[in-house]
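Take a look at the structure set out below.
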Amino acid sequence: MKKIAATIAMSTLAAAGAEAEDRRARVAPPAVYETAPGLGHFTDDVLFGEVWERQELSPRDRSLVTVATLVATGKAAQTGSHVRRALDNGVKPEEIGELITQLAFYSGWPNAMSAVTETKKVFEERGIGSVSNSDAARIELEAAAETARAATVDANVASTASALADLTNRVLFGDLWQRPDLSARDRSLVTMAALVAIGQPEQLPFHANRAMDNGLTRAEVSEIVTHIAFYAGWPRAMSAVPVVKRVFDQRETPTVKESTVTTEIKITRAGNGKASAPEQYFTGKVETSGFYRGDAPARIGGATVSFSAGARTAWHTHPLGQTLFIVSGKGWVQKANGPVEQVGAGDVVWIPPHIRHWHGASMDEGMTHFAVAEALDGNSVTWMEKVSDDEYNKGRLLD
């Protein structure tokens, strides 16, 4: 009888212990289980019981991603609890403040101001005083990359919104991105998280590449997208996946085996592959021929392009620039916001990377040039809108 009683007592204690352990494991408030028990299950067993435990991102990084997502999407009511978790996971108060500052530029001042209010409450309850700017040296951005980025902004933004171009170069990248209060890696992490969360796939390639250049691994980038699915919704995460995939694919450096590198000289004969240029990228009668491309690891390529009088390219840019050798005739070339310049046989034209420009024949005489450009991540040209007749006609003063 005593053995039976002891067994019952041990079973009762074990059940009570398991129930207590189950209660301790719960993150979702009781109201969630009372109203949406399925949500309670997924919150405790999947989000916090599985996703937050995955090793692909540290708890500190997950907190940065989560707070960034909440700030970017304006979820002020949830911000306080995750600021507390972030502090517990090792994020410094100064870093939280700088995260909010960073995202003011990427998701708007109202979201940032709302986040400040909730974050201040958490700081006060934890006895955290006023946060001050760091005295550390400013972050040095990679000069060549910044030159190319600024040129792209000037070429594509300045003509339409000159003040925006100025603020982008002078304030956003010339000041904010150089502040030492948050590391370059963490700035990239929270910026990328915000862009995924607010559904901005157009801006994601630049910042995903920047994030990986600043130290994020492929596994970490993938995990950021996975984590955000729970805080910004599956559609936002799924929309980011193909964009991130393209970034991964473009960053993969193909291994060129010595046995696969050709040692033969290649000759592309004059007129080989002659065809009409695609209408969506050219105006007037334009013929191309002699296309060639170097074998990897070389990335050079080119072609002969013949323009009839009045024919021209659309506006476009080249990631690594372009060289034009004028073979015959008379042509015009112009960069955005610059004068139309005349070129003739024997002239060599160099167009720097990311400069928005067009080129073609003069109004009364055809022109043929040989164009050479290098590809970056498989792409050697970005086409834009066609050159209007009014834009083209500005060159008539040269004739």
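A note on labels: chains of the structure tokens are A, B, ... as shown, every chain counts residues from 1, and ligands are counted from 1 in their shown order.
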Could you find all residues in stretch 9-117 of chain A that DSSP calls alpha helix (DSSP H) from the backbone, and write them as number ranges by chain? A: 9-25, 30-35, 37-41, 59-72, 76-88, 93-107, 109-117
For those residues, write C-alpha atoms to a file as a short mmCIF file (atom, residue, chain, number, x, y, z; two decimals), in the first residue's frame.
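Generated output (again-v1.cif):
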```
data_model
loop_
_atom_site.label_atom_id
_atom_site.label_comp_id
_atom_site.auth_asym_id
_atom_site.auth_seq_id
_atom_site.Cartn_x
_atom_site.Cartn_y
_atom_site.Cartn_z
CA ALA A 9 2.94 10.86 -5.18
CA MET A 10 5.92 10.65 -7.54
CA SER A 11 3.65 10.65 -10.57
CA THR A 12 1.81 13.70 -9.23
CA LEU A 13 5.08 15.55 -8.63
CA ALA A 14 6.34 14.63 -12.10
CA ALA A 15 3.13 15.86 -13.70
CA ALA A 16 3.24 19.06 -11.71
CA GLY A 17 6.88 19.58 -12.67
CA ALA A 18 6.11 19.02 -16.35
CA GLU A 19 3.19 21.43 -16.15
CA ALA A 20 5.35 24.02 -14.43
CA GLU A 21 8.08 23.54 -17.03
CA ASP A 22 5.47 23.95 -19.78
CA ARG A 23 4.29 27.19 -18.19
CA ARG A 24 7.85 28.46 -17.96
CA ALA A 25 8.42 27.69 -21.64
CA PRO A 30 -2.31 33.80 -21.62
CA ALA A 31 -4.69 35.96 -23.67
CA VAL A 32 -3.21 34.46 -26.83
CA TYR A 33 -4.00 30.91 -25.71
CA GLU A 34 -7.47 32.02 -24.63
CA THR A 35 -8.21 33.74 -27.93
CA PRO A 37 -4.54 28.82 -29.12
CA GLY A 38 -3.01 27.92 -32.47
CA LEU A 39 -1.11 31.22 -32.44
CA GLY A 40 0.06 30.39 -28.93
CA HIS A 41 1.40 27.05 -30.16
CA PRO A 59 20.66 35.82 -30.45
CA ARG A 60 22.15 39.33 -30.67
CA ASP A 61 21.74 39.42 -34.45
CA ARG A 62 18.20 38.06 -34.22
CA SER A 63 17.36 40.86 -31.82
CA LEU A 64 18.83 43.45 -34.20
CA VAL A 65 16.82 41.99 -37.09
CA THR A 66 13.62 41.86 -35.03
CA VAL A 67 13.89 45.39 -33.65
CA ALA A 68 14.77 46.68 -37.13
CA THR A 69 11.70 44.96 -38.57
CA LEU A 70 9.41 46.38 -35.89
CA VAL A 71 10.80 49.89 -36.29
CA ALA A 72 10.63 49.76 -40.09
CA ALA A 76 5.44 50.43 -31.84
CA ALA A 77 3.35 48.27 -29.48
CA GLN A 78 5.76 45.35 -29.91
CA THR A 79 8.96 47.37 -29.92
CA GLY A 80 9.44 47.66 -26.15
CA SER A 81 9.46 43.93 -25.41
CA HIS A 82 12.02 43.27 -28.13
CA VAL A 83 14.20 46.18 -27.04
CA ARG A 84 14.30 44.47 -23.62
CA ARG A 85 15.23 41.18 -25.28
CA ALA A 86 17.88 42.95 -27.37
CA LEU A 87 19.49 44.41 -24.25
CA ASP A 88 19.44 40.96 -22.64
CA PRO A 93 21.76 51.01 -25.67
CA GLU A 94 23.89 53.15 -27.99
CA GLU A 95 23.48 50.57 -30.75
CA ILE A 96 19.71 50.50 -30.34
CA GLY A 97 19.62 54.27 -30.59
CA GLU A 98 21.75 54.20 -33.72
CA LEU A 99 19.59 51.45 -35.24
CA ILE A 100 16.58 53.74 -34.89
CA THR A 101 18.58 56.61 -36.40
CA GLN A 102 19.64 54.47 -39.36
CA LEU A 103 16.08 53.36 -40.08
CA ALA A 104 14.72 56.90 -39.95
CA PHE A 105 16.35 57.26 -43.39
CA TYR A 106 15.10 53.91 -44.70
CA SER A 107 11.57 53.66 -43.30
CA TRP A 109 10.97 59.67 -39.48
CA PRO A 110 7.49 58.87 -38.05
CA ASN A 111 8.43 55.21 -37.49
CA ALA A 112 11.72 56.23 -35.89
CA MET A 113 10.09 58.78 -33.60
CA SER A 114 7.50 56.23 -32.46
CA ALA A 115 10.30 53.76 -31.73
CA VAL A 116 12.15 56.36 -29.66
CA THR A 117 9.13 56.79 -27.38
#
```
Need the shell around A:Thr317: protein/DNA/RNA residues with any atom at most 12 Å away, counting only C-alpha atoms. Skip same-chain ones fewer than 4 positions apart. Format as a compact mmCIF listing (two decimals) with N, CA and C atoms, in the first residue's frame?
```
# COMPACT_ATOMS: atom_id res chain seq x y z
N ALA A 148 31.89 54.95 -57.42
CA ALA A 148 30.93 54.37 -58.37
C ALA A 148 29.50 54.62 -57.92
N ALA A 151 28.57 58.26 -58.44
CA ALA A 151 28.38 58.55 -59.86
C ALA A 151 27.03 58.05 -60.34
N THR A 152 26.60 56.91 -59.84
CA THR A 152 25.29 56.37 -60.20
C THR A 152 24.18 57.29 -59.72
N ALA A 155 24.16 60.43 -61.85
CA ALA A 155 23.69 60.19 -63.21
C ALA A 155 22.19 59.92 -63.27
N ASN A 156 21.66 59.23 -62.27
CA ASN A 156 20.26 58.77 -62.35
C ASN A 156 19.28 59.56 -61.49
N THR A 313 21.60 55.22 -79.81
CA THR A 313 21.24 54.31 -78.74
C THR A 313 20.20 54.96 -77.84
N GLY A 321 32.33 50.75 -67.30
CA GLY A 321 32.69 51.70 -68.33
C GLY A 321 32.68 51.09 -69.73
N GLN A 322 32.94 51.94 -70.73
CA GLN A 322 32.92 51.50 -72.13
C GLN A 322 33.90 52.35 -72.94
N GLN A 334 26.83 61.95 -75.72
CA GLN A 334 26.43 62.88 -74.65
C GLN A 334 26.23 62.12 -73.35
N LYS A 335 26.73 62.68 -72.27
CA LYS A 335 26.39 62.16 -70.95
C LYS A 335 25.25 63.01 -70.38
N ALA A 336 24.52 62.46 -69.43
CA ALA A 336 23.38 63.16 -68.83
C ALA A 336 23.83 64.50 -68.27
N ILE A 351 33.86 56.14 -71.73
CA ILE A 351 32.72 56.48 -70.88
C ILE A 351 32.93 55.80 -69.53
N PRO A 352 33.07 56.55 -68.44
CA PRO A 352 33.34 55.95 -67.12
C PRO A 352 32.18 55.08 -66.63
N PRO A 353 32.43 54.25 -65.62
CA PRO A 353 31.38 53.39 -65.06
C PRO A 353 30.19 54.20 -64.54
N HIS A 354 29.00 53.66 -64.78
CA HIS A 354 27.74 54.17 -64.21
C HIS A 354 27.36 55.56 -64.72
N ILE A 355 28.00 56.04 -65.77
CA ILE A 355 27.63 57.35 -66.33
C ILE A 355 26.50 57.16 -67.34
N ARG A 356 25.40 57.84 -67.10
CA ARG A 356 24.24 57.75 -68.00
C ARG A 356 24.55 58.53 -69.27
N HIS A 357 24.43 57.88 -70.44
CA HIS A 357 24.85 58.50 -71.68
C HIS A 357 24.16 57.85 -72.88
N TRP A 358 24.37 58.44 -74.05
CA TRP A 358 23.95 57.84 -75.31
C TRP A 358 24.98 58.20 -76.37
N HIS A 359 24.96 57.47 -77.49
CA HIS A 359 25.82 57.80 -78.61
C HIS A 359 25.17 57.30 -79.89
N ALA A 373 33.46 46.74 -73.81
CA ALA A 373 33.07 46.91 -72.40
C ALA A 373 33.35 45.62 -71.65
N GLU A 374 33.53 45.76 -70.34
CA GLU A 374 33.70 44.59 -69.48
C GLU A 374 32.41 44.33 -68.71
N ALA A 375 32.16 43.06 -68.42
CA ALA A 375 30.96 42.67 -67.68
C ALA A 375 31.26 42.59 -66.19
N ASN A 379 26.92 41.20 -66.33
CA ASN A 379 26.18 42.28 -66.98
C ASN A 379 27.14 43.37 -67.43
N SER A 380 27.00 43.79 -68.70
CA SER A 380 27.88 44.83 -69.21
C SER A 380 27.15 46.13 -69.55
N VAL A 381 25.81 46.13 -69.50
CA VAL A 381 25.06 47.34 -69.84
C VAL A 381 23.71 47.33 -69.14
N THR A 382 23.26 48.51 -68.74
CA THR A 382 21.92 48.70 -68.20
C THR A 382 21.20 49.70 -69.08
N TRP A 383 20.15 49.24 -69.77
CA TRP A 383 19.42 50.10 -70.70
C TRP A 383 18.34 50.88 -69.97
N MET A 384 18.11 52.12 -70.47
CA MET A 384 17.10 53.00 -69.88
C MET A 384 16.15 53.48 -70.99
N GLU A 385 15.55 54.64 -70.81
CA GLU A 385 14.57 55.11 -71.79
C GLU A 385 15.27 55.60 -73.05
```
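Going from atom CA of A:Val343 over to atom CA of A:Gly395, you cover 11.5 Å.
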Write out as a list in words each polymer residue whose atoms come within 12 Å of A:Leu398, counting only C-alpha atoms; drop sequence neighbours fewer than 3 positions from it. Lys330, Gly331, Trp332, Val333, Pro339, Val340, Glu341, Gln342, Val343, Ser362, Met363, Asp364, Tyr392, Asn393, Lys394 and Gly395 of chain A
Atom CA of A:Gly174 to atom CA of A:Glu220, distance in Å rounded to a single decimal: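 Atom CA of A:Glu220 lies 27.0 Å from atom CA of A:Gly174.
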Just the residues within 8 Å of stretch 221-233 of chain A, please, counting only C-alpha atoms, with nothing from its chain fewer than 2 positions along; format it as an mmCIF file with N, CA and C atoms, in the first residue's frame.
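Result went into around_19.cif, see below:
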```cif
data_model
loop_
_atom_site.group_PDB
_atom_site.id
_atom_site.type_symbol
_atom_site.label_atom_id
_atom_site.label_comp_id
_atom_site.auth_asym_id
_atom_site.auth_seq_id
_atom_site.Cartn_x
_atom_site.Cartn_y
_atom_site.Cartn_z
ATOM 1 N N LEU A 47 8.250 29.755 -33.285
ATOM 2 C CA LEU A 47 9.004 30.998 -33.331
ATOM 3 C C LEU A 47 10.101 31.028 -32.274
ATOM 4 N N VAL A 51 12.832 28.744 -34.198
ATOM 5 C CA VAL A 51 13.524 29.752 -35.009
ATOM 6 C C VAL A 51 14.562 30.510 -34.184
ATOM 7 N N GLU A 56 22.175 29.735 -37.081
ATOM 8 C CA GLU A 56 22.638 30.506 -38.246
ATOM 9 C C GLU A 56 22.757 32.002 -37.959
ATOM 10 N N LEU A 57 22.018 32.475 -36.963
ATOM 11 C CA LEU A 57 22.166 33.850 -36.475
ATOM 12 C C LEU A 57 22.314 33.804 -34.965
ATOM 13 N N ARG A 62 19.656 38.241 -34.087
ATOM 14 C CA ARG A 62 18.197 38.062 -34.217
ATOM 15 C C ARG A 62 17.462 39.223 -33.567
ATOM 16 N N VAL A 65 17.734 42.176 -35.959
ATOM 17 C CA VAL A 65 16.820 41.989 -37.085
ATOM 18 C C VAL A 65 15.378 42.240 -36.659
ATOM 19 N N THR A 66 15.003 41.723 -35.500
ATOM 20 C CA THR A 66 13.623 41.859 -35.034
ATOM 21 C C THR A 66 13.276 43.314 -34.715
ATOM 22 N N THR A 69 12.962 45.260 -37.884
ATOM 23 C CA THR A 69 11.700 44.964 -38.573
ATOM 24 C C THR A 69 10.541 45.700 -37.923
ATOM 25 N N LEU A 70 10.503 45.708 -36.605
ATOM 26 C CA LEU A 70 9.412 46.375 -35.895
ATOM 27 C C LEU A 70 9.462 47.884 -36.092
ATOM 28 N N THR A 73 8.453 48.718 -39.806
ATOM 29 C CA THR A 73 7.036 48.511 -40.116
ATOM 30 C C THR A 73 6.109 49.263 -39.167
ATOM 31 N N ALA A 193 17.423 44.151 -43.343
ATOM 32 C CA ALA A 193 16.219 43.654 -42.669
ATOM 33 C C ALA A 193 15.037 44.587 -42.902
ATOM 34 N N VAL A 196 13.661 44.295 -46.551
ATOM 35 C CA VAL A 196 12.844 43.087 -46.721
ATOM 36 C C VAL A 196 11.496 43.280 -46.040
ATOM 37 N N ALA A 197 11.523 43.832 -44.829
ATOM 38 C CA ALA A 197 10.299 43.974 -44.036
ATOM 39 C C ALA A 197 9.287 44.905 -44.683
ATOM 40 N N ILE A 198 9.756 45.970 -45.342
ATOM 41 C CA ILE A 198 8.814 46.927 -45.942
ATOM 42 C C ILE A 198 8.584 46.651 -47.425
ATOM 43 N N ALA A 208 22.125 44.062 -50.141
ATOM 44 C CA ALA A 208 22.536 42.689 -49.845
ATOM 45 C C ALA A 208 24.007 42.501 -50.201
ATOM 46 N N MET A 212 27.129 41.764 -47.490
ATOM 47 C CA MET A 212 28.112 40.686 -47.589
ATOM 48 C C MET A 212 29.527 41.248 -47.693
ATOM 49 N N LEU A 216 28.668 40.012 -43.574
ATOM 50 C CA LEU A 216 27.612 39.021 -43.392
ATOM 51 C C LEU A 216 27.865 37.823 -44.313
ATOM 52 N N THR A 217 27.674 36.633 -43.789
ATOM 53 C CA THR A 217 27.855 35.438 -44.592
ATOM 54 C C THR A 217 26.578 35.113 -45.362
ATOM 55 N N ARG A 218 26.710 34.237 -46.341
ATOM 56 C CA ARG A 218 25.546 33.803 -47.108
ATOM 57 C C ARG A 218 24.503 33.163 -46.194
ATOM 58 N N ALA A 219 24.964 32.336 -45.234
ATOM 59 C CA ALA A 219 24.033 31.681 -44.305
ATOM 60 C C ALA A 219 23.298 32.706 -43.459
ATOM 61 N N PRO A 235 4.709 36.790 -47.268
ATOM 62 C CA PRO A 235 4.825 37.405 -48.609
ATOM 63 C C PRO A 235 6.072 38.276 -48.752
ATOM 64 N N ARG A 236 6.402 39.060 -47.728
ATOM 65 C CA ARG A 236 7.589 39.913 -47.815
ATOM 66 C C ARG A 236 8.859 39.059 -47.913
ATOM 67 N N ALA A 237 8.912 38.000 -47.118
ATOM 68 C CA ALA A 237 10.092 37.133 -47.157
ATOM 69 C C ALA A 237 10.203 36.412 -48.497
ATOM 70 N N MET A 238 9.096 35.900 -48.989
ATOM 71 C CA MET A 238 9.115 35.163 -50.252
ATOM 72 C C MET A 238 9.477 36.081 -51.423
ATOM 73 N N ALA A 240 11.510 38.513 -51.258
ATOM 74 C CA ALA A 240 12.949 38.795 -51.157
ATOM 75 C C ALA A 240 13.801 37.632 -51.640
ATOM 76 N N VAL A 241 13.273 36.419 -51.582
ATOM 77 C CA VAL A 241 14.072 35.233 -51.902
ATOM 78 C C VAL A 241 14.677 35.273 -53.308
ATOM 79 N N VAL A 244 17.551 37.823 -53.436
ATOM 80 C CA VAL A 244 18.741 37.352 -52.731
ATOM 81 C C VAL A 244 19.429 36.237 -53.521
#
```
